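S.K.: Got a structure for you, questions after.
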Amino acid sequence: VQTSTGDPFKPQRVMVIGGDGYCGWATALHLSNKGYEVAIVDSLVRRLFDHQLGLESLTPISSIQNRLHCWKSLTGKSIELYIGDICDFGFLSETFNSFEPDAVVHFGEQRSAPYSMIDRSRAVYTQQNNVIGTLNVLFAIKEFREQCHLVKLGTMGEYGTPNIDIEEGYITITHNGRTDTLPYPKQASSFYHLSKVHDSHNIAFTCKAWGIRATDLNQGVVYGVRTDETAMHEDLYNRFDYDGIFGTALNRFCVQAAVGHPLTVYGKGGQTRGFLDIRDTVQCVELAIANPAKPGEFRVFNQFTEQFSVNQLANLVTKAGEKLGLDVKTINVPNPRVEAEEHYYNCKNTKLVDLGLRPHFLSDSLLDSLLNFAVQYKDRIDTKQIMPSVSWKKIGVKTKTVTA
Ligand code: NAD
Ligand code: USQ
């Protein structure tokens with residue numbers, strides 16, 4: 001691996017925290033396929049949330065043990081497995097010392113904005129899990145593997161929707177005649193998105209204070225399900241969330257179209273976000289690992305390939321559905337969130353392209369295959385899980401049992 005910075009450091013051993021999840025599973029297989037030595041670290045807490053909330057992935061997913069067994073039998077490649085919670089520093093230390101990673105890709109957080117807004121206990125859990133988990137990773141790198149590159153999944157939602165262009169991490173400002181380059185202002189709009197802001201601050205500080213090398217990947221909303229590796233066998237299939245808590249916009253719309261549920265546009269539908277195909281998630285992470293940050297450097301990449309408003313997505317899915325003979329309708333659901341529904345949005349995303357990202361833009365053929373995929377698993381869809389059940393304004397201290 002040649003690094004863009006001329007750095008002789010060549011990462012070979014990659015620890016994927018959260019490697020049983022949607023982005024992490026696809027990434028772990030991709031990196032293993034590319035010849036990296038991979039270890040998955042995961043507490044499997046996401047599978048527990050599904051049980052607790054009565055949710056299920058559209059696709060049937062195998063246990064992590066069967067997944068890895070299948071991968072080994074198909075490719076001959078082994079992926080190490082460490083089951084545990086990274087908030088437990090004893091567990092994380094042992095894992096670090098046993099695997100000795102050159103790079104850590106950290107996907108292992110509670111990643112749903114609605115989940116973090118269910119009630120006080122879920123809000124506190126989200127910030128505790130995410131902020132302490134990341135702090136533990138930073139301490140483990142400092143203590144045991146100071147050259148190890150942290151590739152951390154952040155979110156575009158850290159920036160919110162300001163009325164000016166969004167830069168990649170930093171903005172140069174002239175104020176009262178003096179100029180400085182400063183972290184881009186953060187205006188997150190859920191306790192989950194805020195946990196990512198807190199993580200970014202902790203990472204930036206430890207890069208400065210301890211010389212840690214880190215890349216914060218401010219990822220947009222991911223869509224799609226198949227990657228080259230997960231499509232190889234049913235036991236390797238990735239999860240596909242469509243429910244009101246973990247499902248994300250475009251994936252949800254495809255499932256809704258498949259079962260004849262109206263597409264759930266929240267509020268006016270002018271909410272605009274950055275989006276990317278899961279095949280680009282794995283590519284971006286590989287690029288970040290192959291071109292590590294320098295010691296002490298806190299790099300920020302905006303990881304998305306295209307911007308869409310929710311209304312635009314609904315239109316695209318409606319047209320693609322019609323071609324398949326589906327009758328697709330849209331409803332404007334009262335917005336359960338507090339967010340701008342009409343706003344300016346223009347984000348930079350050149351740094352990953354400069355490193356060689358070749359995007360898979362949203363195409364008719366991808367929508368077509370996603371819709372067909374949803375139709376194929378139609379019988380597994382629980383339509384009661386589709387409407388949103390979590391309100392940003394109604395969150396309270398009473399522990400809530402979410403029922404569809
Ligand atoms: P996911 O819920 O499918 O996977 C997260 C995984 O992390 C799960 O397997 C879970 O068990 C594990 N995990 C959580 N806390 C842990 C802990 N304390 N210790 C060990 N393992 C733990 O989520 P995802 O969609 O794959 O998202 C992965 C990352 O990417 C998250 O950090 C998320 O914020 C970020 N991201 C996701 C999207 C998206 O659209 N899915 C978009 C932008 C950013
Ligand atoms: N939305 C709808 N209808 C739906 C679902 C969502 O109109 O049925 C709207 C939401 O109100 C929001 C936008 O679509 O304005 C995106 O919502 P989402 O649920 O697709 O995504 P979000 O909550 O932002 O979270 C997801 C991931 C999270 C990641 C984030 C990237 O769950 O882990 O950080 O995307 S970003 O949006 O760039 O912050």
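Going through the structure tokens in order, the chains are called A, B, and so on, while each chain numbers its residues from 1 and the ligands are numbered from 1 in the order shown.
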Please identify the strand (DSSP E) residues within segment 237-314 of chain A (assignment by DSSP from backbone atoms) and present them as a ChimeraX atom specification.

M.R.: /A:263-266,272-277,298-303,306-309

S.K.: Quick check for you: according to DSSP on this backbone, which residues of segment 35-276 of chain A are classed as helix (DSSP H, G or I)? Reply as a ChimeraX atom specification.

M.R.: /A:45-53,64-75,89-99,113-116,120-144,156-158,191-210,230-232,234-236,249-259

S.K.: Kindly work out which residues sit at most 7 Å from ligand 2, using only C-alpha atoms and all ligand atoms, and give the list as a PyMOL selection string.

M.R.: chain A and resi 111-114+154-158+193+219-222+244+246-250+252-253+264-267+269+271-274+310+335+337+339

S.K.: As a quick test: using only C-alpha atoms and all ligand atoms, which residues lie no more than 6 Å away from ligand 1? Give them as a ChimeraX atom specification.

M.R.: /A:18-24,42-46,84-87,107-111,129,133,153-155,219-222

S.K.: Suppose you want the space between atom CA of Thr399 of chain A and atom CA of Asp199 of chain A; what is it in Å?

M.R.: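 Distance reported for this atom pair: 25.8 Å.
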
S.K.: Need the shell around segment 300-302 of chain A: protein/DNA/RNA residues with any atom at most 12 Å away, counting only C-alpha atoms. Skip same-chain ones fewer than 6 positions apart. Format as number ranges by chain?

M.R.: A: 150-159, 166-171, 183-184, 200-201, 203-204, 213-221, 273-276, 281, 284-285, 287-288, 292-293, 346-355, 357

S.K.: Please compute the atom CA of Phe191 of chain A-atom CA of Gly396 of chain A distance, one decimal, in Å.

M.R.: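 Between atom CA of Phe191 of chain A and atom CA of Gly396 of chain A the gap is 13.0 Å.
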